[in-house]
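J.: Handing over data13.tsv, TSV, C-alpha atoms.
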chain	number	residue	atom	x	y	z
A	1231	LYS	CA	-3.94	-32.97	-30.15
A	1232	PRO	CA	-0.76	-33.78	-32.09
A	1233	ASN	CA	-2.51	-33.89	-35.46
A	1234	PHE	CA	-4.02	-30.39	-35.13
A	1235	LYS	CA	-3.09	-28.08	-38.00
A	1236	LEU	CA	-3.77	-24.48	-38.85
A	1237	THR	CA	-5.82	-24.53	-42.02
A	1238	LYS	CA	-7.58	-22.08	-44.27
A	1239	GLU	CA	-10.85	-23.27	-42.75
A	1240	ASN	CA	-9.93	-22.69	-39.08
A	1241	ALA	CA	-7.52	-19.75	-39.40
A	1242	SER	CA	-10.15	-17.03	-38.96
A	1243	ASP	CA	-11.56	-18.75	-35.84
A	1244	ILE	CA	-8.08	-19.02	-34.35
A	1245	ALA	CA	-7.34	-15.36	-35.13
A	1246	GLU	CA	-10.64	-14.40	-33.50
A	1247	ILE	CA	-9.77	-16.48	-30.41
A	1248	CYS	CA	-6.44	-14.65	-30.13
A	1249	HIS	CA	-8.24	-11.32	-30.43
A	1250	HIS	CA	-10.84	-12.22	-27.78
A	1251	LEU	CA	-8.11	-13.36	-25.41
A	1252	ASP	CA	-6.26	-10.04	-25.80
A	1253	GLY	CA	-3.16	-11.94	-26.91
A	1254	LEU	CA	-2.47	-12.98	-23.31
A	1255	PRO	CA	0.03	-15.86	-23.45
A	1256	LEU	CA	-1.47	-17.86	-20.57
A	1257	ALA	CA	-4.99	-17.46	-21.97
A	1258	LEU	CA	-3.81	-18.59	-25.41
A	1259	GLU	CA	-2.00	-21.59	-23.93
A	1260	LEU	CA	-5.07	-22.63	-21.95
A	1261	ALA	CA	-7.32	-22.20	-25.00
A	1262	ALA	CA	-4.92	-24.27	-27.08
A	1263	ALA	CA	-5.17	-27.07	-24.51
A	1264	ARG	CA	-8.94	-27.17	-25.14
A	1265	ILE	CA	-8.27	-28.23	-28.75
A	1266	LYS	CA	-8.14	-31.80	-27.42
A	1267	PHE	CA	-11.92	-31.71	-26.97
A	1268	LEU	CA	-13.25	-28.69	-28.83
A	1269	THR	CA	-12.80	-27.29	-32.32
A	1270	PRO	CA	-11.59	-23.69	-32.68
A	1271	GLN	CA	-15.16	-22.73	-33.62
A	1272	GLU	CA	-16.51	-24.34	-30.41
A	1273	ILE	CA	-13.85	-22.60	-28.30
A	1274	LEU	CA	-14.73	-19.28	-29.88
A	1275	ALA	CA	-18.42	-19.82	-29.14
A	1276	ARG	CA	-17.61	-20.35	-25.44
A	1277	LEU	CA	-15.34	-17.34	-24.96
A	1278	ASP	CA	-18.16	-15.26	-23.51
A	1279	GLN	CA	-17.25	-17.13	-20.32
A	1280	LYS	CA	-13.50	-17.25	-20.82
A	1281	LEU	CA	-12.68	-17.30	-17.11
A	1282	LYS	CA	-14.72	-20.49	-16.78
A	1283	LEU	CA	-13.33	-22.10	-19.94
A	1284	LEU	CA	-9.64	-21.33	-19.54
A	1285	LYS	CA	-8.39	-23.64	-16.85
A	1286	GLY	CA	-6.63	-26.94	-16.60
A	1287	GLY	CA	-3.02	-25.89	-17.11
A	1288	ALA	CA	-0.12	-28.22	-16.38
A	1289	ARG	CA	-0.19	-29.55	-12.81
A	1290	ASP	CA	3.55	-28.95	-12.38
A	1291	LEU	CA	3.02	-25.18	-12.73
A	1292	PRO	CA	2.18	-22.88	-9.83
A	1293	VAL	CA	-1.58	-22.81	-9.13
A	1294	ARG	CA	-1.83	-19.26	-10.44
A	1295	HIS	CA	-0.71	-20.52	-13.89
A	1296	GLN	CA	-3.17	-23.39	-14.08
A	1297	ALA	CA	-6.21	-21.20	-14.81
A	1298	LEU	CA	-6.71	-17.68	-16.09
A	1299	ARG	CA	-8.99	-16.94	-13.15
A	1300	ASN	CA	-6.25	-18.02	-10.72
A	1301	THR	CA	-3.80	-15.62	-12.34
A	1302	LEU	CA	-6.28	-12.75	-12.10
A	1303	GLU	CA	-7.18	-13.64	-8.51
A	1304	TRP	CA	-3.48	-13.68	-7.61
A	1305	SER	CA	-2.96	-10.24	-9.20
A	1306	HIS	CA	-6.10	-8.96	-7.47
A	1307	TYR	CA	-4.89	-10.28	-4.11
A	1308	LEU	CA	-1.65	-8.28	-4.44
A	1309	LEU	CA	-3.57	-4.99	-4.72
A	1310	ASN	CA	-4.48	-2.86	-1.74
A	1311	GLN	CA	-8.17	-2.51	-0.88
A	1312	ASP	CA	-8.68	0.86	-2.61
A	1313	ASP	CA	-7.03	-0.41	-5.80
A	1314	ARG	CA	-9.37	-3.43	-5.75
A	1315	ILE	CA	-12.39	-1.17	-5.32
A	1316	LEU	CA	-11.35	1.08	-8.20
A	1317	LEU	CA	-10.57	-1.85	-10.49
A	1318	ALA	CA	-14.06	-3.23	-9.94
A	1319	ARG	CA	-15.70	0.14	-10.52
A	1320	LEU	CA	-13.71	0.73	-13.71
A	1321	SER	CA	-15.39	-2.33	-15.22
A	1322	VAL	CA	-18.47	-0.21	-16.04
A	1323	PHE	CA	-16.43	1.42	-18.81
A	1324	SER	CA	-16.33	-0.32	-22.17
A	1325	GLY	CA	-13.77	0.93	-24.66
A	1326	GLY	CA	-11.76	3.15	-22.34
A	1327	PHE	CA	-12.16	6.14	-20.10
A	1328	THR	CA	-10.71	9.50	-19.11
A	1329	MET	CA	-9.52	10.64	-15.72
A	1330	ASP	CA	-12.48	13.07	-15.52
A	1331	ALA	CA	-14.96	10.25	-16.11
A	1332	VAL	CA	-13.27	8.05	-13.51
A	1333	GLU	CA	-13.32	10.82	-10.91
A	1334	ALA	CA	-17.00	11.56	-11.57
A	1335	ILE	CA	-18.28	7.99	-11.79
A	1336	CYS	CA	-16.00	5.90	-9.59
A	1337	ASN	CA	-15.51	8.23	-6.66
A	1338	GLU	CA	-18.97	9.48	-5.73
A	1339	ASP	CA	-18.16	8.99	-2.05
A	1340	LYS	CA	-14.76	10.79	-2.43
A	1341	ASN	CA	-13.04	8.00	-0.47
A	1342	LEU	CA	-10.51	7.06	-3.16
A	1343	ASP	CA	-7.34	8.78	-4.27
A	1344	ILE	CA	-8.15	8.24	-7.94
A	1345	LEU	CA	-4.79	9.46	-9.24
A	1346	GLU	CA	-2.81	7.21	-6.90
A	1347	ASN	CA	-5.08	4.19	-7.33
A	1348	LEU	CA	-5.16	4.52	-11.12
A	1349	PHE	CA	-1.36	4.86	-11.17
A	1350	SER	CA	-1.11	1.65	-9.14
A	1351	LEU	CA	-3.43	-0.22	-11.52
A	1352	VAL	CA	-1.40	0.96	-14.52
A	1353	ASP	CA	1.82	0.04	-12.71
A	1354	ASN	CA	0.41	-3.45	-12.07
A	1355	SER	CA	-0.58	-3.84	-15.75
A	1356	LEU	CA	-4.30	-4.15	-14.98
A	1357	VAL	CA	-5.09	-0.85	-16.70
A	1358	PHE	CA	-3.25	0.66	-19.66
A	1359	GLN	CA	-2.78	4.31	-20.56
A	1360	ARG	CA	-2.48	5.92	-23.96
A	1361	GLU	CA	-2.56	9.46	-25.28
A	1362	SER	CA	-5.63	10.42	-27.28
A	1363	THR	CA	-5.62	12.62	-30.37
A	1364	ASP	CA	-6.42	15.69	-28.24
A	1365	GLY	CA	-3.26	15.11	-26.14
A	1366	ASN	CA	-5.12	13.92	-23.04
A	1367	SER	CA	-4.65	10.54	-21.41
A	1368	ARG	CA	-7.14	7.77	-21.98
A	1369	PHE	CA	-7.15	4.57	-20.02
A	1370	GLY	CA	-8.54	1.14	-20.65
A	1371	MET	CA	-8.51	-2.49	-19.63
A	1372	LEU	CA	-8.10	-5.64	-21.63
A	1373	GLU	CA	-11.52	-7.25	-22.00
A	1374	THR	CA	-10.32	-10.31	-20.09
A	1375	ILE	CA	-9.43	-8.17	-17.08
A	1376	ARG	CA	-12.62	-6.12	-17.46
A	1377	GLU	CA	-14.70	-9.32	-17.35
A	1378	PHE	CA	-12.97	-10.34	-14.11
A	1379	ALA	CA	-13.40	-6.85	-12.62
A	1380	LEU	CA	-17.08	-6.81	-13.60
A	1381	GLU	CA	-17.55	-10.05	-11.65
A	1382	LYS	CA	-15.93	-8.39	-8.63
A	1383	LEU	CA	-18.22	-5.36	-8.93
A	1384	SER	CA	-21.24	-7.65	-9.18
A	1385	GLU	CA	-20.08	-9.65	-6.14
A	1386	SER	CA	-19.83	-6.41	-4.14
A	1387	GLY	CA	-23.49	-5.63	-4.89
A	1388	ASP	CA	-22.54	-2.30	-6.52
A	1389	LEU	CA	-22.92	-3.15	-10.20
A	1390	LYS	CA	-26.31	-1.47	-10.64
A	1391	THR	CA	-25.20	1.65	-8.74
A	1392	TYR	CA	-22.08	2.23	-10.82
A	1393	ARG	CA	-23.88	1.52	-14.08
A	1394	GLU	CA	-26.39	4.20	-13.06
A	1395	TYR	CA	-23.56	6.65	-12.25
A	1396	HIS	CA	-22.06	5.86	-15.66
A	1397	ALA	CA	-25.36	6.40	-17.49
A	1398	ARG	CA	-26.04	9.65	-15.62
A	1399	TYR	CA	-22.56	11.05	-16.32
A	1400	PHE	CA	-22.66	10.37	-20.04
A	1401	GLY	CA	-26.33	11.34	-20.26
A	1402	GLU	CA	-25.44	14.77	-18.87
A	1403	ILE	CA	-22.67	15.14	-21.43
A	1404	VAL	CA	-25.09	14.37	-24.25
A	1405	VAL	CA	-27.72	16.80	-22.91
A	1406	ASN	CA	-25.15	19.58	-22.49
A	1407	LYS	CA	-23.91	19.17	-26.08
A	1408	VAL	CA	-27.39	19.42	-27.57
Please lay out the structure from this file as structure tokens.

T.:
Amino acid sequence: KPNFKLTKENASDIAEICHHLDGLPLALELAAARIKFLTPQEILARLDQKLKLLKGGARDLPVRHQALRNTLEWSHYLLNQDDRILLARLSVFSGGFTMDAVEAICNEDKNLDILENLFSLVDNSLVFQRESTDGNSRFGMLETIREFALEKLSESGDLKTYREYHARYFGEIVVNKV
């Protein structure tokens, strides 16, 4: 839309779109392409299903760059099976997680090498690590990646199970602090 302009009226919606898309360049580019048909406010209202909305990139680009879902599927495909399993299970966390929580919630069957798999996910930029105020590591995922991983967990049929593990783990922490 060549006549599109950033204005005082649409600036907050555009800033909110950037925030919801975690500043991911491809996601922002695909959202910008939707300006042809939707206002920034309408795009923002549809971002609860960003993987469905953000597609239709230039046809001369590789397929993985034509839709946000394609990019995430491509990254997912490059992971080994255990990394894929852990990524899906990590989606039950909102706002970040600790290594202890991951080991307790995501490895009930003790089949994963949590340290190695988590390192791989960080190395592949699907999970980020930061130091918390107490000096321990905290991990997290961009919401866009978390949404994709949550779909994968749901597809596996394990969503309810891992949400229950999550609730039980944090419920026990609350009970033990009281």

J.: I want to know what sits within 9 Å of Leu1345 of chain A, based on only C-alpha atoms, with residues of the same chain fewer than 5 positions away left out; could you give that as a PyMOL selection string?

T.: chain A and resi 1329+1333+1350

J.: Give me the residues of segment 1250-1366 of chain A that have any atom at most 7 Å from an atom of segment 1384-1404 of chain A; for each, the nearest atom pair and the distance in Å, rounded to one decimal. Use all atoms listed in the file, sort by chain and number, and format it as CSV.

T.:
residue,atom,partner,partner_atom,distance
A:Arg1319,CA,A:Tyr1392,CA,6.7
A:Val1322,CA,A:Arg1393,CA,6.0
A:Ile1335,CA,A:Tyr1395,CA,5.5

J.: By how many Å are atom CA of Ala1241 of chain A and atom CA of Pro1255 of chain A apart?

T.: 18.1 Å

J.: Here is a test: counting only C-alpha atoms, which residue of A:Phe1378, A:Phe1327, A:Phe1267, A:Phe1358 is nearest to Gln1279 of chain A?

T.: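 Of A:Phe1378, A:Phe1327, A:Phe1267, A:Phe1358, the one nearest Gln1279 of chain A is A:Phe1378, counting only C-alpha atoms.
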
J.: Quick one: of A:Leu1298, A:Leu1383, A:Leu1308, A:Ser1362, who's nearest to Leu1254 of chain A, counting all atoms listed in the file?

T.: A:Leu1298

J.: Using Å and a single decimal, report how far atom CA of Glu1338 of chain A sits from atom CA of Ser1367 of chain A.

T.: 21.3 Å

J.: Hey, what's within 12 Å of Lys1382 of chain A if we count all atoms listed in the file and toss same-chain stuff fewer than 5 positions away? As a list in words, please?

T.: Arg1299, Leu1302, Glu1303, His1306, Arg1314, Ile1315, Leu1316, Leu1317, Ala1318, Arg1319, Leu1320, Ser1321, Val1322, Ile1375, Arg1376, Glu1377, Gly1387, Asp1388 and Leu1389 of chain A

J.: Can I get the selection written as an mmCIF file, in the frame of the given file, with C-alpha atoms?

T.:
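Result went into selection-v5.cif, see below:
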data_model
loop_
_atom_site.group_PDB
_atom_site.id
_atom_site.type_symbol
_atom_site.label_atom_id
_atom_site.label_comp_id
_atom_site.auth_asym_id
_atom_site.auth_seq_id
_atom_site.Cartn_x
_atom_site.Cartn_y
_atom_site.Cartn_z
ATOM 1 C CA ARG A 1299 -8.990 -16.940 -13.150
ATOM 2 C CA LEU A 1302 -6.280 -12.750 -12.100
ATOM 3 C CA GLU A 1303 -7.180 -13.640 -8.510
ATOM 4 C CA HIS A 1306 -6.100 -8.960 -7.470
ATOM 5 C CA ARG A 1314 -9.370 -3.430 -5.750
ATOM 6 C CA ILE A 1315 -12.390 -1.170 -5.320
ATOM 7 C CA LEU A 1316 -11.350 1.080 -8.200
ATOM 8 C CA LEU A 1317 -10.570 -1.850 -10.490
ATOM 9 C CA ALA A 1318 -14.060 -3.230 -9.940
ATOM 10 C CA ARG A 1319 -15.700 0.140 -10.520
ATOM 11 C CA LEU A 1320 -13.710 0.730 -13.710
ATOM 12 C CA SER A 1321 -15.390 -2.330 -15.220
ATOM 13 C CA VAL A 1322 -18.470 -0.210 -16.040
ATOM 14 C CA ILE A 1375 -9.430 -8.170 -17.080
ATOM 15 C CA ARG A 1376 -12.620 -6.120 -17.460
ATOM 16 C CA GLU A 1377 -14.700 -9.320 -17.350
ATOM 17 C CA GLY A 1387 -23.490 -5.630 -4.890
ATOM 18 C CA ASP A 1388 -22.540 -2.300 -6.520
ATOM 19 C CA LEU A 1389 -22.920 -3.150 -10.200
#

J.: Provide the atom CA of Asp1343 of chain A to atom CA of Trp1304 of chain A distance in Å, to one decimal place.

T.: 23.0 Å

J.: Pick from A:Leu1236, A:Leu1260, A:Asp1278, A:Asn1337: nearest to Thr1301 of chain A, with only C-alpha atoms counted?

T.: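 For Thr1301 of chain A, the nearest of the candidates is A:Leu1260.
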
J.: Counting only C-alpha atoms, figure out which residue out of A:Ala1297, A:Leu1274, A:Ser1305, A:Val1332 gets nearest to Ala1257 of chain A.

T.: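 Using only C-alpha atoms, the shortest distance to Ala1257 of chain A belongs to A:Ala1297.
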
J.: Considering all atoms listed in the file, state which residue in the set A:Leu1309, A:Leu1277, A:Ala1331, A:Leu1342 is at the smallest distance from Asp1252 of chain A.

T.: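 Using all atoms listed in the file, the shortest distance to Asp1252 of chain A belongs to A:Leu1277.
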
J.: Since the input is missing atoms, can you rebuild N, CA, C and O atoms for segment 1237-1257 of chain A and write them as a CSV table (one decimal), in the frame of the given file?

T.:
chain,number,residue,atom,x,y,z
A,1237,THR,N,-5.4,-24.4,-40.6
A,1237,THR,CA,-5.8,-24.5,-42.0
A,1237,THR,C,-6.5,-23.3,-42.5
A,1237,THR,O,-6.9,-22.4,-41.6
A,1238,LYS,N,-6.8,-23.2,-43.7
A,1238,LYS,CA,-7.6,-22.1,-44.3
A,1238,LYS,C,-9.0,-22.0,-43.6
A,1238,LYS,O,-9.5,-21.0,-43.4
A,1239,GLU,N,-9.5,-23.2,-43.3
A,1239,GLU,CA,-10.8,-23.3,-42.8
A,1239,GLU,C,-10.9,-22.8,-41.3
A,1239,GLU,O,-11.9,-22.3,-40.8
A,1240,ASN,N,-9.9,-23.1,-40.5
A,1240,ASN,CA,-9.9,-22.7,-39.1
A,1240,ASN,C,-9.1,-21.4,-38.7
A,1240,ASN,O,-9.2,-21.0,-37.6
A,1241,ALA,N,-8.4,-20.9,-39.7
A,1241,ALA,CA,-7.5,-19.8,-39.4
A,1241,ALA,C,-8.3,-18.5,-38.9
A,1241,ALA,O,-7.8,-17.9,-37.9
A,1242,SER,N,-9.4,-18.2,-39.4
A,1242,SER,CA,-10.2,-17.0,-39.0
A,1242,SER,C,-10.7,-17.2,-37.5
A,1242,SER,O,-10.7,-16.3,-36.7
A,1243,ASP,N,-11.1,-18.5,-37.2
A,1243,ASP,CA,-11.6,-18.8,-35.8
A,1243,ASP,C,-10.4,-18.6,-34.9
A,1243,ASP,O,-10.6,-18.0,-33.8
A,1244,ILE,N,-9.2,-19.1,-35.2
A,1244,ILE,CA,-8.1,-19.0,-34.4
A,1244,ILE,C,-7.7,-17.6,-34.2
A,1244,ILE,O,-7.4,-17.1,-33.1
A,1245,ALA,N,-7.7,-16.8,-35.2
A,1245,ALA,CA,-7.3,-15.4,-35.1
A,1245,ALA,C,-8.3,-14.6,-34.2
A,1245,ALA,O,-8.0,-13.8,-33.4
A,1246,GLU,N,-9.6,-15.0,-34.3
A,1246,GLU,CA,-10.6,-14.4,-33.5
A,1246,GLU,C,-10.5,-14.8,-32.0
A,1246,GLU,O,-10.7,-14.0,-31.1
A,1247,ILE,N,-10.1,-16.0,-31.8
A,1247,ILE,CA,-9.8,-16.5,-30.4
A,1247,ILE,C,-8.6,-15.6,-29.8
A,1247,ILE,O,-8.7,-15.1,-28.7
A,1248,CYS,N,-7.6,-15.5,-30.6
A,1248,CYS,CA,-6.4,-14.6,-30.1
A,1248,CYS,C,-6.9,-13.2,-29.8
A,1248,CYS,O,-6.5,-12.7,-28.8
A,1249,HIS,N,-7.7,-12.7,-30.7
A,1249,HIS,CA,-8.2,-11.3,-30.4
A,1249,HIS,C,-9.1,-11.3,-29.1
A,1249,HIS,O,-8.9,-10.4,-28.3
A,1250,HIS,N,-10.0,-12.2,-29.0
A,1250,HIS,CA,-10.8,-12.2,-27.8
A,1250,HIS,C,-10.1,-12.4,-26.5
A,1250,HIS,O,-10.5,-12.0,-25.4
A,1251,LEU,N,-8.9,-13.1,-26.6
A,1251,LEU,CA,-8.1,-13.4,-25.4
A,1251,LEU,C,-7.0,-12.3,-25.2
A,1251,LEU,O,-6.1,-12.5,-24.4
A,1252,ASP,N,-7.2,-11.2,-25.9
A,1252,ASP,CA,-6.3,-10.0,-25.8
A,1252,ASP,C,-4.8,-10.4,-26.0
A,1252,ASP,O,-3.9,-9.7,-25.5
A,1253,GLY,N,-4.5,-11.5,-26.7
A,1253,GLY,CA,-3.2,-11.9,-26.9
A,1253,GLY,C,-2.4,-12.4,-25.7
A,1253,GLY,O,-1.2,-12.5,-25.7
A,1254,LEU,N,-3.1,-12.6,-24.6
A,1254,LEU,CA,-2.5,-13.0,-23.3
A,1254,LEU,C,-1.9,-14.4,-23.4
A,1254,LEU,O,-2.7,-15.3,-23.7
A,1255,PRO,N,-0.6,-14.5,-23.2
A,1255,PRO,CA,0.0,-15.9,-23.4
A,1255,PRO,C,-0.6,-17.0,-22.7
A,1255,PRO,O,-0.9,-18.1,-23.2
A,1256,LEU,N,-0.9,-16.8,-21.4
A,1256,LEU,CA,-1.5,-17.9,-20.6
A,1256,LEU,C,-2.9,-18.2,-21.1
A,1256,LEU,O,-3.2,-19.4,-21.2
A,1257,ALA,N,-3.7,-17.2,-21.4
A,1257,ALA,CA,-5.0,-17.5,-22.0
A,1257,ALA,C,-4.9,-18.2,-23.3
A,1257,ALA,O,-5.7,-19.2,-23.5
